[in-house]
2 protein chains.
Amino acid sequence: MTIVRSRSQIPEEPVGAGSGTRRQTLTVPGSGSGFHMRRFAMEPGGGMPRHTNLVEHQQYVLAGRASVGIGDDTFQVAAGDVVHIPGGTPHWYRAEGDEPFEFLCVVPDDEDRIELLE
Amino acid sequence: MTIVRSRSQIPEEPVGAGSGTRRQTLTVPGSGSGFHMRRFAMEPGGGMPRHTNLVEHQQYVLAGRASVGIGDDTFQVAAGDVVHIPGGTPHWYRAEGDEPFEFLCVVPDDEDRIELLE
């Protein structure tokens, strides 16, 4: 297990279910005690449609701003905001403004499945 | 459980074992599936002496730079770096430069104990 590395060394992969959305796996599932970290970047106007995951998300907004729908509510989030989405809860993202929307997303190592709702 | 909140709404507490070091609990232990997020800020020149924790740390550097000792190695880390410290591994931090060193630190909800080594 690599102890320290820069995120610039970690490949970015497009997220097929989203638009203008890329994901980096910052720590590797199974390398720790049951959770791992990812980083997402969404271009302005990009995002993810309404969907559910099996796993919870604990997120921290690094840069930019977005509209985020969670259950029946819509939130305006920006750098420094903490977002907690329980497993199974419908949610969506739309990057707002002129700069990419970037956030960390910590999830359990448990098996996940995405289900699109629209 | 609060779904979205700004870190500016979350109290900062001094970390007794450190110098110039403050901690925020971003997500609450027990509210998720076995892990939670904290944010640390260390003033220039501040940090934490060499110590161990029972729990692993998965960290992401938000701002500033620091020297971080992990086991027998010392790393220079800066914004965008990912740091993974296995449970029980001796480690220390010293904030370098002129701005605060800030990082997220995700840990399991398991009981922790800090042991100072110097």
# chains A, B, ... in the order shown; residues from 1 in each chain; ligands from 1

$ select_by_dssp --residues "region 65-104 of chain B" --states "strand (DSSP E or B)" --output "ChimeraX atom specification"
/B:65-70,73-78,81-85,91-96,101-104

$ closest_atom_pairs --of "region 21-117 of chain A" --to "region 46-59 of chain B" --cutoff "8 Å" --atoms "only C-alpha atoms" --output "CSV"
residue,atom,partner,partner_atom,distance
A:Thr27,CA,B:Gln58,CA,7.7
A:Gly32,CA,B:Glu56,CA,7.2
A:Ser33,CA,B:Glu56,CA,7.2
A:His36,CA,B:Gln58,CA,7.7
A:Met37,CA,B:Gln58,CA,7.7

$ write_last_selection --atoms "N, CA and C atoms" --output "PDB file, in the first residue's frame"
ATOM      1  N   THR A  27      -8.029   6.003  -2.376  1.00  0.00           N
ATOM      2  CA  THR A  27      -7.538   4.854  -1.596  1.00  0.00           C
ATOM      3  C   THR A  27      -8.298   3.625  -2.091  1.00  0.00           C
ATOM      4  N   GLY A  32      -7.842  -0.808   3.680  1.00  0.00           N
ATOM      5  CA  GLY A  32      -7.993  -0.257   5.019  1.00  0.00           C
ATOM      6  C   GLY A  32      -8.969  -1.074   5.847  1.00  0.00           C
ATOM      7  N   SER A  33      -9.672  -0.379   6.723  1.00  0.00           N
ATOM      8  CA  SER A  33     -10.553  -1.088   7.655  1.00  0.00           C
ATOM      9  C   SER A  33     -12.016  -0.924   7.270  1.00  0.00           C
ATOM     10  N   HIS A  36     -13.177   3.494   1.813  1.00  0.00           N
ATOM     11  CA  HIS A  36     -12.154   4.085   0.951  1.00  0.00           C
ATOM     12  C   HIS A  36     -12.663   5.418   0.405  1.00  0.00           C
ATOM     13  N   MET A  37     -11.731   6.198  -0.161  1.00  0.00           N
ATOM     14  CA  MET A  37     -12.008   7.577  -0.587  1.00  0.00           C
ATOM     15  C   MET A  37     -11.952   7.684  -2.106  1.00  0.00           C
TER      16      MET A  37
END

$ closest_atom_pairs --of "chain B" --to "chain A" --cutoff "6 Å" --atoms "only C-alpha atoms" --output "JSON lines"
{"residue": "B:Ile3", "atom": "CA", "partner": "A:His84", "partner_atom": "CA", "distance": 5.0}
{"residue": "B:Val4", "atom": "CA", "partner": "A:Val83", "partner_atom": "CA", "distance": 4.6}
{"residue": "B:Arg5", "atom": "CA", "partner": "A:Val82", "partner_atom": "CA", "distance": 5.4}
{"residue": "B:Ser6", "atom": "CA", "partner": "A:Asp81", "partner_atom": "CA", "distance": 4.2}
{"residue": "B:Arg7", "atom": "CA", "partner": "A:Gly80", "partner_atom": "CA", "distance": 5.6}
{"residue": "B:Gly80", "atom": "CA", "partner": "A:Arg7", "partner_atom": "CA", "distance": 5.6}
{"residue": "B:Asp81", "atom": "CA", "partner": "A:Ser6", "partner_atom": "CA", "distance": 4.2}
{"residue": "B:Val82", "atom": "CA", "partner": "A:Arg5", "partner_atom": "CA", "distance": 5.4}
{"residue": "B:Val83", "atom": "CA", "partner": "A:Val4", "partner_atom": "CA", "distance": 4.6}
{"residue": "B:His84", "atom": "CA", "partner": "A:Ile3", "partner_atom": "CA", "distance": 5.0}

$ calpha_fit_and_write --fixed "chain A" --moving "chain B" --output "tab-separated table (two decimals) with C-alpha atoms, in the first residue's frame"
chain	number	residue	atom	x	y	z
B	1	MET	CA	-0.06	0.00	-0.02
B	2	THR	CA	1.29	3.41	-0.98
B	3	ILE	CA	1.43	5.66	2.09
B	4	VAL	CA	1.58	9.08	0.37
B	5	ARG	CA	0.75	10.02	-3.19
B	6	SER	CA	-0.48	13.05	-5.08
B	7	ARG	CA	-3.89	12.91	-6.65
B	8	SER	CA	-2.20	14.08	-9.87
B	9	GLN	CA	-0.59	10.60	-10.03
B	10	ILE	CA	-3.96	8.86	-9.87
B	11	PRO	CA	-5.84	8.19	-13.11
B	12	GLU	CA	-9.22	9.83	-13.69
B	13	GLU	CA	-11.97	7.75	-15.27
B	14	PRO	CA	-15.20	9.00	-16.82
B	15	VAL	CA	-18.39	8.07	-14.97
B	16	GLY	CA	-20.64	6.49	-17.58
B	17	ALA	CA	-23.93	7.29	-15.88
B	18	GLY	CA	-23.05	11.00	-15.59
B	19	SER	CA	-22.19	13.84	-17.95
B	20	GLY	CA	-18.87	15.69	-17.72
B	21	THR	CA	-18.10	13.66	-14.60
B	22	ARG	CA	-14.78	12.01	-13.71
B	23	ARG	CA	-13.78	9.84	-10.75
B	24	GLN	CA	-10.47	9.07	-9.05
B	25	THR	CA	-10.04	6.22	-6.58
B	26	LEU	CA	-7.80	7.84	-3.94
B	27	THR	CA	-7.53	4.86	-1.60
B	28	VAL	CA	-8.09	1.30	-2.69
B	29	PRO	CA	-11.03	-0.80	-1.45
B	30	GLY	CA	-9.78	-3.50	0.87
B	31	SER	CA	-6.56	-1.68	1.81
B	32	GLY	CA	-7.99	-0.25	5.02
B	33	SER	CA	-10.55	-1.09	7.65
B	34	GLY	CA	-13.69	-1.13	5.56
B	35	PHE	CA	-13.95	2.20	3.72
B	36	HIS	CA	-12.15	4.10	0.94
B	37	MET	CA	-12.00	7.58	-0.59
B	38	ARG	CA	-12.85	8.74	-4.08
B	39	ARG	CA	-12.70	12.21	-5.66
B	40	PHE	CA	-15.23	13.41	-8.24
B	41	ALA	CA	-14.99	16.36	-10.64
B	42	MET	CA	-17.99	17.61	-12.64
B	43	GLU	CA	-17.63	20.16	-15.42
B	44	PRO	CA	-19.96	23.19	-15.32
B	45	GLY	CA	-23.37	21.98	-16.46
B	46	GLY	CA	-22.37	18.35	-15.89
B	47	GLY	CA	-23.52	16.05	-13.15
B	48	MET	CA	-25.31	12.84	-12.34
B	49	PRO	CA	-29.01	12.04	-12.91
B	50	ARG	CA	-31.25	10.95	-10.03
B	51	HIS	CA	-30.10	7.56	-8.79
B	52	THR	CA	-29.61	5.36	-5.78
B	53	ASN	CA	-26.55	3.51	-4.51
B	54	LEU	CA	-26.54	0.64	-2.05
B	55	VAL	CA	-23.76	2.32	-0.04
B	56	GLU	CA	-23.81	5.53	1.97
B	57	HIS	CA	-21.74	8.57	0.88
B	58	GLN	CA	-19.88	10.89	3.25
B	59	GLN	CA	-18.73	13.83	1.13
B	60	TYR	CA	-16.73	17.04	1.46
B	61	VAL	CA	-16.91	19.74	-1.22
B	62	LEU	CA	-13.43	20.82	-2.36
B	63	ALA	CA	-14.22	23.44	-5.02
B	64	GLY	CA	-17.01	24.93	-7.09
B	65	ARG	CA	-20.70	24.74	-6.39
B	66	ALA	CA	-23.65	22.55	-7.31
B	67	SER	CA	-27.30	21.80	-6.87
B	68	VAL	CA	-27.63	18.47	-5.11
B	69	GLY	CA	-30.93	16.67	-4.75
B	70	ILE	CA	-31.26	14.28	-1.80
B	71	GLY	CA	-34.60	12.58	-1.29
B	72	ASP	CA	-37.21	15.28	-1.95
B	73	ASP	CA	-34.94	18.22	-1.09
B	74	THR	CA	-32.54	20.27	-3.22
B	75	PHE	CA	-29.48	21.87	-1.63
B	76	GLN	CA	-27.05	24.50	-2.93
B	77	VAL	CA	-23.60	23.35	-1.89
B	78	ALA	CA	-20.15	24.93	-2.16
B	79	ALA	CA	-16.57	24.41	-0.99
B	80	GLY	CA	-16.41	23.49	2.69
B	81	ASP	CA	-19.83	21.84	2.79
B	82	VAL	CA	-20.32	18.37	4.24
B	83	VAL	CA	-22.89	16.10	2.56
B	84	HIS	CA	-24.10	12.81	4.02
B	85	ILE	CA	-26.28	10.61	1.80
B	86	PRO	CA	-27.57	7.42	3.43
B	87	GLY	CA	-27.46	4.24	1.35
B	88	GLY	CA	-30.55	3.74	-0.79
B	89	THR	CA	-31.51	7.45	-0.84
B	90	PRO	CA	-32.30	8.94	-4.28
B	91	HIS	CA	-29.84	11.73	-5.15
B	92	TRP	CA	-28.55	13.76	-8.10
B	93	TYR	CA	-25.94	16.45	-8.86
B	94	ARG	CA	-25.75	19.40	-11.24
B	95	ALA	CA	-22.56	21.50	-11.30
B	96	GLU	CA	-23.41	25.22	-11.26
B	97	GLY	CA	-21.31	28.29	-12.09
B	98	ASP	CA	-18.17	28.52	-14.20
B	99	GLU	CA	-15.72	26.22	-12.47
B	100	PRO	CA	-15.67	22.46	-11.95
B	101	PHE	CA	-17.52	21.08	-8.94
B	102	GLU	CA	-15.11	18.86	-7.01
B	103	PHE	CA	-15.76	16.72	-3.95
B	104	LEU	CA	-14.44	13.83	-1.93
B	105	CYS	CA	-16.78	10.89	-1.43
B	106	VAL	CA	-16.02	8.26	1.20
B	107	VAL	CA	-17.88	4.96	0.93
B	108	PRO	CA	-17.79	1.59	2.67
B	109	ASP	CA	-15.95	-1.18	0.84
B	110	ASP	CA	-19.26	-3.09	0.62
B	111	GLU	CA	-20.59	-4.09	-2.77
B	112	ASP	CA	-22.40	-1.21	-4.48
B	113	ARG	CA	-24.97	-1.03	-7.27
B	114	ILE	CA	-26.19	2.13	-8.98
B	115	GLU	CA	-29.82	2.35	-10.08
B	116	LEU	CA	-30.87	5.23	-12.34
B	117	LEU	CA	-34.31	6.65	-11.54
B	118	GLU	CA	-34.99	8.78	-14.62

$ decode --residues "chain B" --atoms "C-alpha atoms" --output "compact mmCIF listing (two decimals), in the first residue's frame"
# COMPACT_ATOMS: atom_id res chain seq x y z
CA MET B 1 -28.75 13.27 11.00
CA THR B 2 -28.08 16.53 9.17
CA ILE B 3 -27.73 15.87 5.44
CA VAL B 4 -25.88 19.06 4.39
CA ARG B 5 -24.02 21.56 6.51
CA SER B 6 -21.14 23.98 6.13
CA ARG B 7 -17.98 23.31 8.05
CA SER B 8 -18.22 26.92 9.26
CA GLN B 9 -21.23 25.77 11.35
CA ILE B 10 -19.21 23.05 13.06
CA PRO B 11 -17.28 23.90 16.23
CA GLU B 12 -13.49 23.62 16.24
CA GLU B 13 -11.81 22.15 19.31
CA PRO B 14 -8.14 22.35 20.25
CA VAL B 15 -6.23 19.06 20.16
CA GLY B 16 -4.53 18.80 23.53
CA ALA B 17 -1.67 16.57 22.44
CA GLY B 18 -0.71 18.95 19.60
CA SER B 19 0.38 22.57 19.26
CA GLY B 20 -1.62 25.07 17.21
CA THR B 21 -3.88 22.20 16.15
CA ARG B 22 -7.68 22.24 15.92
CA ARG B 23 -10.16 19.50 15.01
CA GLN B 24 -13.71 19.52 13.63
CA THR B 25 -15.93 16.44 13.64
CA LEU B 26 -17.60 16.71 10.21
CA THR B 27 -19.72 13.56 10.42
CA VAL B 28 -20.72 11.95 13.67
CA PRO B 29 -19.45 8.51 14.75
CA GLY B 30 -22.28 6.01 14.61
CA SER B 31 -24.35 7.98 12.08
CA GLY B 32 -23.08 6.01 9.09
CA SER B 33 -21.82 2.56 8.26
CA GLY B 34 -18.73 2.42 10.43
CA PHE B 35 -16.55 5.45 9.61
CA HIS B 36 -16.63 9.24 10.01
CA MET B 37 -14.80 12.34 8.79
CA ARG B 38 -12.82 14.91 10.72
CA ARG B 39 -10.97 18.04 9.55
CA PHE B 40 -7.72 19.23 11.12
CA ALA B 41 -6.04 22.63 10.87
CA MET B 42 -2.48 23.25 12.09
CA GLU B 43 -1.01 26.74 12.35
CA PRO B 44 2.41 27.32 10.75
CA GLY B 45 4.98 25.73 13.05
CA GLY B 46 2.28 23.73 14.84
CA GLY B 47 1.61 20.04 14.59
CA MET B 48 1.45 16.79 16.49
CA PRO B 49 4.35 14.94 18.17
CA ARG B 50 5.17 11.33 17.25
CA HIS B 51 2.32 9.10 18.36
CA THR B 52 0.24 6.07 17.53
CA ASN B 53 -3.50 5.61 17.22
CA LEU B 54 -5.37 2.33 17.34
CA VAL B 55 -7.35 3.31 14.22
CA GLU B 56 -6.18 3.82 10.65
CA HIS B 57 -6.28 7.29 9.02
CA GLN B 58 -7.24 7.96 5.40
CA GLN B 59 -6.39 11.61 4.77
CA TYR B 60 -6.64 14.21 2.00
CA VAL B 61 -4.66 17.46 2.20
CA LEU B 62 -6.90 20.50 1.62
CA ALA B 63 -4.43 23.40 1.98
CA GLY B 64 -0.92 24.30 3.05
CA ARG B 65 2.00 21.96 3.40
CA ALA B 66 3.66 19.89 6.11
CA SER B 67 6.35 17.43 7.01
CA VAL B 68 4.68 14.17 8.00
CA GLY B 69 6.57 11.31 9.58
CA ILE B 70 5.13 7.83 9.10
CA GLY B 71 7.07 4.90 10.51
CA ASP B 72 10.73 5.66 9.73
CA ASP B 73 10.02 7.89 6.71
CA THR B 74 9.37 11.62 6.42
CA PHE B 75 7.19 12.96 3.61
CA GLN B 76 6.63 16.50 2.33
CA VAL B 77 2.92 16.80 1.63
CA ALA B 78 0.78 19.54 0.10
CA ALA B 79 -2.77 20.18 -1.11
CA GLY B 80 -4.07 17.29 -3.21
CA ASP B 81 -1.96 14.63 -1.51
CA VAL B 82 -3.48 11.43 -0.16
CA VAL B 83 -2.03 10.00 3.06
CA HIS B 84 -2.86 6.55 4.41
CA ILE B 85 -1.61 5.70 7.91
CA PRO B 86 -2.35 2.16 9.09
CA GLY B 87 -3.55 1.74 12.68
CA GLY B 88 -0.71 1.39 15.18
CA THR B 89 1.88 3.11 12.95
CA PRO B 90 3.96 5.87 14.62
CA HIS B 91 3.37 9.24 12.92
CA TRP B 92 3.82 12.98 13.46
CA TYR B 93 3.02 16.29 11.71
CA ARG B 94 4.74 19.65 11.45
CA ALA B 95 3.03 22.44 9.47
CA GLU B 96 5.52 24.16 7.15
CA GLY B 97 5.36 27.49 5.31
CA ASP B 98 3.20 30.52 6.06
CA GLU B 99 -0.34 29.21 5.83
CA PRO B 100 -2.28 26.71 7.93
CA PHE B 101 -1.96 23.04 7.04
CA GLU B 102 -5.47 21.63 6.62
CA PHE B 103 -6.54 18.06 5.94
CA LEU B 104 -9.45 15.69 6.12
CA CYS B 105 -8.96 12.53 8.17
CA VAL B 106 -11.38 9.63 7.85
CA VAL B 107 -11.32 7.00 10.59
CA PRO B 108 -13.35 3.95 11.54
CA ASP B 109 -15.88 4.43 14.33
CA ASP B 110 -13.92 1.89 16.40
CA GLU B 111 -12.58 2.92 19.79
CA ASP B 112 -9.32 4.85 19.48
CA ARG B 113 -6.48 5.57 21.91
CA ILE B 114 -3.59 7.94 21.30
CA GLU B 115 -0.15 7.06 22.67
CA LEU B 116 2.58 9.72 22.62
CA LEU B 117 6.03 8.38 21.79
CA GLU B 118 8.25 11.32 22.75
